[in-house]
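Listing of input.tsv, TSV, C-alpha atoms
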```tsv
chain	number	residue	atom	x	y	z
A	42	LYS	CA	64.38	80.08	97.99
A	43	ALA	CA	64.70	76.47	96.87
A	44	GLY	CA	67.85	75.57	94.97
A	45	VAL	CA	68.28	73.47	91.85
A	46	THR	CA	66.82	70.02	92.35
A	47	GLN	CA	68.02	67.01	90.46
A	48	THR	CA	66.45	63.56	90.45
A	49	PRO	CA	67.34	60.82	90.85
A	50	ARG	CA	70.49	61.40	92.88
A	51	TYR	CA	71.91	57.95	92.23
A	52	LEU	CA	71.15	55.32	89.66
A	53	ILE	CA	72.68	52.16	88.26
A	54	LYS	CA	72.04	51.01	84.72
A	55	THR	CA	73.49	48.37	82.42
A	56	ARG	CA	75.03	48.86	79.01
A	57	GLY	CA	72.49	49.37	76.26
A	58	GLN	CA	69.80	50.76	78.52
A	59	GLN	CA	68.63	54.35	78.46
A	60	VAL	CA	68.26	56.85	81.28
A	61	THR	CA	66.34	60.07	81.87
A	62	LEU	CA	67.51	62.63	84.40
A	63	SER	CA	65.41	65.50	85.67
A	64	CYS	CA	66.26	69.02	86.76
A	65	SER	CA	64.07	71.65	88.41
A	66	PRO	CA	65.73	75.07	88.25
A	67	ILE	CA	65.49	77.87	90.75
A	68	SER	CA	62.14	79.62	90.45
A	69	GLY	CA	62.36	82.40	87.88
A	70	HIS	CA	65.45	81.03	86.16
A	71	ARG	CA	64.91	80.44	82.47
A	72	SER	CA	68.29	79.01	81.48
A	73	VAL	CA	69.22	75.42	82.26
A	74	SER	CA	72.56	73.85	81.39
A	75	TRP	CA	73.78	70.29	81.73
A	76	TYR	CA	77.34	69.16	82.44
A	77	GLN	CA	79.06	65.81	82.72
A	78	GLN	CA	81.65	65.57	85.49
A	79	THR	CA	84.29	62.85	85.51
A	80	PRO	CA	87.57	62.64	87.43
A	81	GLY	CA	90.38	64.30	85.52
A	82	GLN	CA	88.06	65.77	82.86
A	83	GLY	CA	86.34	68.37	84.95
A	84	LEU	CA	82.97	69.58	83.77
A	85	GLN	CA	82.14	68.93	80.15
A	86	PHE	CA	79.31	71.00	78.69
A	87	LEU	CA	76.42	69.00	77.29
A	88	PHE	CA	73.78	71.56	76.31
A	89	GLU	CA	71.94	74.69	77.39
A	90	TYR	CA	68.26	75.47	77.12
A	91	PHE	CA	66.58	78.84	77.38
A	92	SER	CA	62.82	79.26	77.14
A	93	GLU	CA	62.40	75.71	75.80
A	94	THR	CA	64.97	76.23	73.02
A	95	GLN	CA	68.37	74.61	72.86
A	96	ARG	CA	70.82	77.48	72.58
A	97	ASN	CA	74.11	75.63	72.74
A	98	LYS	CA	75.34	72.09	72.45
A	99	GLY	CA	78.64	70.53	73.46
A	100	ASN	CA	80.63	67.85	71.69
A	101	PHE	CA	78.71	64.81	72.77
A	102	PRO	CA	77.22	62.10	70.53
A	103	GLY	CA	73.58	62.15	69.55
A	104	ARG	CA	72.83	59.57	72.25
A	105	PHE	CA	72.74	62.53	74.61
A	106	SER	CA	69.64	64.66	74.26
A	107	GLY	CA	67.64	67.04	76.34
A	108	ARG	CA	64.59	69.20	76.46
A	109	GLN	CA	63.07	71.98	78.49
A	110	PHE	CA	59.45	72.39	79.41
A	111	SER	CA	57.37	75.54	79.63
A	112	ASN	CA	57.90	75.69	83.41
A	113	SER	CA	61.70	75.68	82.78
A	114	ARG	CA	62.13	72.17	84.17
A	115	SER	CA	64.53	70.17	82.06
A	116	GLU	CA	65.30	66.56	81.32
A	117	MET	CA	68.26	64.92	79.70
A	118	ASN	CA	68.24	61.49	78.17
A	119	VAL	CA	71.08	59.15	77.36
A	120	SER	CA	70.25	56.23	75.11
A	121	THR	CA	72.23	53.04	74.49
A	122	LEU	CA	74.34	53.54	77.59
A	123	GLU	CA	78.06	52.80	77.46
A	124	LEU	CA	80.46	52.14	80.34
A	125	GLY	CA	82.10	55.50	79.68
A	126	ASP	CA	78.85	57.30	80.41
A	127	SER	CA	79.37	56.64	84.12
A	128	ALA	CA	79.66	60.11	85.60
A	129	LEU	CA	78.09	62.78	87.73
A	130	TYR	CA	75.59	64.74	85.66
A	131	LEU	CA	75.12	68.27	86.87
A	132	CYS	CA	72.36	70.66	86.04
A	133	ALA	CA	72.74	74.39	86.48
A	134	SER	CA	70.25	77.20	86.18
A	135	SER	CA	70.67	80.92	85.71
A	136	LEU	CA	68.52	83.98	85.21
A	137	GLN	CA	69.92	84.76	81.81
A	138	PHE	CA	72.43	83.16	79.53
A	139	THR	CA	75.32	81.10	80.85
A	140	SER	CA	78.08	83.54	80.05
A	141	THR	CA	76.51	86.64	81.53
A	142	GLY	CA	75.65	85.51	84.99
A	143	GLU	CA	76.14	83.11	87.81
A	144	LEU	CA	75.34	79.44	87.39
A	145	PHE	CA	73.56	77.72	90.25
A	146	PHE	CA	74.29	74.01	90.27
A	147	GLY	CA	72.30	71.15	91.68
A	148	GLU	CA	73.97	68.32	93.58
A	149	GLY	CA	73.95	66.10	90.53
A	150	SER	CA	72.75	62.69	89.45
A	151	ARG	CA	75.42	60.02	89.77
A	152	LEU	CA	75.05	57.46	87.02
A	153	THR	CA	76.85	54.14	87.13
A	154	VAL	CA	76.77	51.98	84.02
A	155	LEU	CA	77.63	48.31	84.52
B	60	GLN	CA	89.70	68.94	74.03
B	61	GLN	CA	90.11	71.14	77.07
B	62	GLN	CA	89.84	74.79	76.07
B	63	VAL	CA	91.01	75.88	79.49
B	64	LYS	CA	94.06	74.16	80.95
B	65	GLN	CA	94.23	74.15	84.74
B	66	SER	CA	97.12	73.26	87.03
B	67	PRO	CA	98.04	71.75	89.35
B	68	GLN	CA	95.67	68.80	89.54
B	69	SER	CA	95.97	68.84	93.33
B	70	LEU	CA	97.82	70.69	96.03
B	71	ILE	CA	98.33	70.47	99.75
B	72	VAL	CA	98.90	73.58	101.82
B	73	GLN	CA	99.34	74.21	105.51
B	74	LYS	CA	96.78	76.27	107.39
B	75	GLY	CA	97.63	79.92	106.95
B	76	GLY	CA	99.52	79.33	103.70
B	77	ILE	CA	98.78	80.53	100.19
B	78	SER	CA	97.16	78.29	97.58
B	79	ILE	CA	97.75	79.21	93.95
B	80	ILE	CA	95.88	77.67	91.02
B	81	ASN	CA	96.72	78.57	87.44
B	82	CYS	CA	94.69	78.46	84.25
B	83	ALA	CA	95.63	79.12	80.63
B	84	TYR	CA	93.52	79.56	77.53
B	85	GLU	CA	93.98	80.03	73.79
B	86	ASN	CA	90.74	81.63	72.65
B	87	THR	CA	91.21	85.38	72.92
B	88	ALA	CA	87.48	85.85	72.43
B	89	PHE	CA	86.76	84.58	75.94
B	90	ASP	CA	85.14	87.45	77.84
B	91	TYR	CA	84.20	86.14	81.26
B	92	PHE	CA	86.35	84.14	83.67
B	93	PRO	CA	84.64	82.68	86.75
B	94	TRP	CA	85.98	80.36	89.42
B	95	TYR	CA	83.78	77.74	91.00
B	96	GLN	CA	84.28	75.90	94.29
B	97	GLN	CA	82.95	72.40	94.84
B	98	PHE	CA	82.72	70.53	98.13
B	99	PRO	CA	82.33	66.72	98.15
B	100	GLY	CA	78.77	65.67	97.42
B	101	LYS	CA	77.75	69.15	96.35
B	102	GLY	CA	77.47	70.97	93.08
B	103	PRO	CA	79.97	73.71	92.20
B	104	ALA	CA	79.22	77.22	93.44
B	105	LEU	CA	80.47	80.52	92.06
B	106	LEU	CA	83.37	81.84	94.10
B	107	ILE	CA	84.61	84.88	92.19
B	108	ALA	CA	84.68	86.08	88.59
B	109	ILE	CA	86.57	88.58	86.44
B	110	ARG	CA	86.26	90.19	83.02
B	111	PRO	CA	89.34	90.74	80.81
B	112	ASP	CA	89.37	94.51	81.24
B	113	VAL	CA	90.43	94.06	84.87
B	114	SER	CA	93.84	92.72	85.95
B	115	GLU	CA	92.97	91.78	89.50
B	116	LYS	CA	89.89	91.22	91.63
B	117	LYS	CA	89.84	90.51	95.33
B	118	GLU	CA	87.03	89.20	97.50
B	119	GLY	CA	88.04	88.50	101.05
B	120	ARG	CA	90.87	85.96	101.03
B	121	PHE	CA	90.33	85.08	97.37
B	122	THR	CA	92.06	86.99	94.54
B	123	ILE	CA	91.96	86.50	90.79
B	124	SER	CA	94.96	87.74	88.83
B	125	PHE	CA	94.43	88.10	85.09
B	126	ASN	CA	97.19	88.44	82.48
B	127	LYS	CA	95.55	89.12	79.15
B	128	SER	CA	98.76	89.16	77.10
B	129	ALA	CA	99.87	85.81	78.49
B	130	LYS	CA	96.33	84.41	78.26
B	131	GLN	CA	96.57	83.21	81.82
B	132	PHE	CA	94.64	83.77	85.01
B	133	SER	CA	95.08	82.47	88.50
B	134	LEU	CA	93.32	82.11	91.82
B	135	HIS	CA	95.16	82.92	95.04
B	136	ILE	CA	93.73	81.78	98.36
B	137	MET	CA	95.40	83.72	101.13
B	138	ASP	CA	95.55	82.49	104.74
B	139	SER	CA	94.18	79.11	103.63
B	140	GLN	CA	91.81	77.46	106.12
B	141	PRO	CA	90.71	73.82	106.49
B	142	GLY	CA	87.25	74.91	105.35
B	143	ASP	CA	88.78	75.90	101.99
B	144	SER	CA	89.50	72.23	101.26
B	145	ALA	CA	87.54	71.67	98.07
B	146	THR	CA	87.89	71.29	94.32
B	147	TYR	CA	88.28	74.53	92.40
B	148	PHE	CA	87.38	74.96	88.74
B	149	CYS	CA	88.38	77.84	86.54
B	150	ALA	CA	86.22	78.57	83.53
B	151	ALA	CA	86.04	80.84	80.52
B	152	SER	CA	83.08	81.93	78.48
B	153	TRP	CA	82.51	82.84	74.83
B	154	ARG	CA	79.28	83.02	72.88
B	155	ASP	CA	77.32	81.90	75.88
B	156	LYS	CA	79.27	78.69	76.24
B	157	LEU	CA	81.21	78.12	79.44
B	158	SER	CA	84.34	75.94	79.25
B	159	PHE	CA	85.70	74.57	82.52
B	160	GLY	CA	89.19	73.52	83.48
B	161	ALA	CA	89.78	70.01	84.81
B	162	GLY	CA	89.77	71.13	88.43
B	163	THR	CA	92.25	71.41	91.29
B	164	THR	CA	91.71	69.61	94.57
B	165	VAL	CA	92.99	71.73	97.43
B	166	THR	CA	93.69	70.15	100.81
B	167	VAL	CA	94.45	72.47	103.71
B	168	ARG	CA	96.24	70.73	106.58
B	169	ALA	CA	95.56	72.06	110.06
```
Go ahead and express the file in the form of structure tokens.
Amino acid sequence: KAGVTQTPRYLIKTRGQQVTLSCSPISGHRSVSWYQQTPGQGLQFLFEYFSETQRNKGNFPGRFSGRQFSNSRSEMNVSTLELGDSALYLCASSLQFTSTGELFFGEGSRLTVL
Amino acid sequence: QQQVKQSPQSLIVQKGGISIINCAYENTAFDYFPWYQQFPGKGPALLIAIRPDVSEKKEGRFTISFNKSAKQFSLHIMDSQPGDSATYFCAASWRDKLSFGAGTTVTVRA
């Protein structure tokens, strides 16, 4: 069974640009969550989608947005990039909601903002 | 702000020793407490989880101890092995939102 796939794995952008990251969940999983990982901060919750609807959102500015498609694939977008957005962005999928089951994480997309 | 406070930030243990990671929380509504293990270059993976109606859960060499009154829980890694060297994250869930601790990097010296 294929795991969670995230693309691209690495990318470099400059301040002010925007970026779109993609996540393909495990087949059959309907919930997709996004996390930002930085040293010392751990994993910060961005948002969760279930059946194309955003169910939860973390405390990130509106520059961070996401969506989920009918096939459960998800994308997140960061506009007007800032240096502090440099991080590993992790996507996780699960059968049901985040709190009731195991999260399966992808290997992440490492974003560097120059 | 961090809803789950995790300590220590890092620890070094000799092979065969015990690694102990502690987490504390304030929100008494949290109802699910998982631990995730992350190896370099990989995403985190669920290691073990506990619900607040249980005080201890053991899976192989990994044990979660849960103290509801103190609002603390901890992970014990018994007989630590070099392959256990990884970053460990505790987490707590409420209303379908999972809050992670900042992580503990464990290094097991052979």
Q.
Using all atoms listed in the file for the distances, tell me which of A:Ser127, A:Asn112, A:Ser150, A:Thr61 is nearest to chain B.
A.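 Checking each of A:Ser127, A:Asn112, A:Ser150, A:Thr61 against chain B, counting all atoms listed in the file, the winner is A:Ser150.
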Q.
Between atom CA of Ile77 of chain B and atom CA of Arg120 of chain B, what is the distance in Å, rounded to a tenth?
A. 9.6 Å
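Atom CA of Thr79 of chain A to atom CA of Met117 of chain A spans 17.2 Å [interatomic distance, one decimal].
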Q: Name all residues at most 7 Å from Thr163 of chain B (count only C-alpha atoms; drop same-chain ones fewer than 2 positions away) and give them as a PyMOL selection string.
A: chain B and resi 66-69+146-148+165
Q | From B:Tyr84, B:Phe132, B:Phe98, B:Tyr91, residue lying nearest chain A [only C-alpha atoms] | A | B:Tyr91
Check which residues of chain A sit at most 10 Å from chain B using only C-alpha atoms, and return one row each with the closest pair of atoms and their distance in Å to one decimal, ordered by chain and rising number, as a tab-separated table.
```
residue	atom	partner	partner_atom	distance
A:Val45	CA	B:Gly102	CA	9.6
A:Ser74	CA	B:Lys156	CA	9.7
A:Tyr76	CA	B:Phe159	CA	10.0
A:Gln78	CA	B:Ala161	CA	9.3
A:Thr79	CA	B:Ala161	CA	9.0
A:Pro80	CA	B:Ala161	CA	8.1
A:Gly81	CA	B:Ala161	CA	5.8
A:Gln82	CA	B:Ala161	CA	5.0
A:Gly83	CA	B:Ala161	CA	3.8
A:Leu84	CA	B:Phe159	CA	5.8
A:Gln85	CA	B:Phe159	CA	7.1
A:Phe86	CA	B:Ser158	CA	7.1
A:Phe88	CA	B:Lys156	CA	9.0
A:Glu89	CA	B:Lys156	CA	8.4
A:Arg96	CA	B:Asp155	CA	8.5
A:Asn97	CA	B:Lys156	CA	6.9
A:Lys98	CA	B:Lys156	CA	8.6
A:Gly99	CA	B:Lys156	CA	8.6
A:Asn100	CA	B:Gln60	CA	9.4
A:Leu129	CA	B:Gly102	CA	9.8
A:Tyr130	CA	B:Gly102	CA	9.9
A:Leu131	CA	B:Gly102	CA	7.2
A:Cys132	CA	B:Gly102	CA	8.7
A:Ala133	CA	B:Gly102	CA	8.8
A:Gln137	CA	B:Asp155	CA	9.9
A:Phe138	CA	B:Asp155	CA	6.2
A:Thr139	CA	B:Asp155	CA	5.4
A:Ser140	CA	B:Asp155	CA	4.5
A:Thr141	CA	B:Asp155	CA	7.4
A:Gly142	CA	B:Tyr91	CA	9.3
A:Glu143	CA	B:Leu105	CA	6.6
A:Leu144	CA	B:Leu105	CA	7.0
A:Phe145	CA	B:Ala104	CA	6.5
A:Phe146	CA	B:Gly102	CA	5.2
A:Gly147	CA	B:Gly102	CA	5.4
A:Glu148	CA	B:Gly102	CA	4.4
A:Gly149	CA	B:Gly102	CA	6.5
```
Q) So, counting only C-alpha atoms, which residue among B:Trp94, B:Thr87, B:Glu115, B:Asp143 is closest to Ala129 of chain B? A)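 The closest residue to Ala129 of chain B is B:Thr87.
When atom CA of Ser144 of chain B is paired with atom CA of Ile79 of chain B, their separation reads 13.0 Å.
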Q | All residues 8 Å or closer to Gln131 of chain B, all atoms listed in the file, same chain fewer than 5 positions away omitted, as a ChimeraX atom specification | A | /B:81-84,125-126
File of the preceding selection, C-alpha atoms, as a tab-separated table (two decimals), in the frame of the given file:
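To be explicit, this is the file written out as part-v6.tsv:
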```tsv
chain	number	residue	atom	x	y	z
B	81	ASN	CA	96.72	78.57	87.44
B	82	CYS	CA	94.69	78.46	84.25
B	83	ALA	CA	95.63	79.12	80.63
B	84	TYR	CA	93.52	79.56	77.53
B	125	PHE	CA	94.43	88.10	85.09
B	126	ASN	CA	97.19	88.44	82.48
```
Q.
Using all atoms listed in the file, can you tell me which of A:Ser106, A:Thr153, A:Ser115, A:Thr46 comes closest to Glu93 of chain A?
A.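 Checking each of A:Ser106, A:Thr153, A:Ser115, A:Thr46 against Glu93 of chain A, counting all atoms listed in the file, the winner is A:Ser115.
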Q) Which of these residues is nearest to Ala128 of chain A, using only C-alpha atoms: A:Thr94, A:Ser65, A:Gln77, A:Ser111? A)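 Smallest separation from Ala128 of chain A among the options: A:Gln77.
The closest residue to Lys130 of chain B, picked from B:Thr164, B:Ile71, B:Ser114, B:Gln96 and counting only C-alpha atoms, is B:Ser114.
Near Gln140 of chain B, within a cut-off of 10 Å and counting only C-alpha atoms, sit the residues Val72, Gln73, Lys74, Gly75, Gly76, Ile77, Arg120, Ile136, Ser144, Thr166, Val167, Arg168 and Ala169 of chain B, with same-chain residues fewer than 4 positions away left out.
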Mind checking which residues fall within 12 Å of Asn118 of chain A, counting only C-alpha atoms, ignoring those fewer than 3 positions away in the same chain, and posting them as a compact mmCIF listing (two decimals) with C-alpha atoms, in the frame of the given file?
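And here is the file that came out, part.txt:
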```txt
# COMPACT_ATOMS: atom_id res chain seq x y z
CA GLN A 58 69.80 50.76 78.52
CA GLN A 59 68.63 54.35 78.46
CA VAL A 60 68.26 56.85 81.28
CA THR A 61 66.34 60.07 81.87
CA LEU A 62 67.51 62.63 84.40
CA SER A 63 65.41 65.50 85.67
CA CYS A 64 66.26 69.02 86.76
CA TRP A 75 73.78 70.29 81.73
CA LEU A 87 76.42 69.00 77.29
CA PHE A 88 73.78 71.56 76.31
CA PRO A 102 77.22 62.10 70.53
CA GLY A 103 73.58 62.15 69.55
CA ARG A 104 72.83 59.57 72.25
CA PHE A 105 72.74 62.53 74.61
CA SER A 106 69.64 64.66 74.26
CA GLY A 107 67.64 67.04 76.34
CA ARG A 108 64.59 69.20 76.46
CA GLN A 109 63.07 71.98 78.49
CA SER A 115 64.53 70.17 82.06
CA THR A 121 72.23 53.04 74.49
CA LEU A 122 74.34 53.54 77.59
CA ASP A 126 78.85 57.30 80.41
CA TYR A 130 75.59 64.74 85.66
CA LEU A 152 75.05 57.46 87.02
```
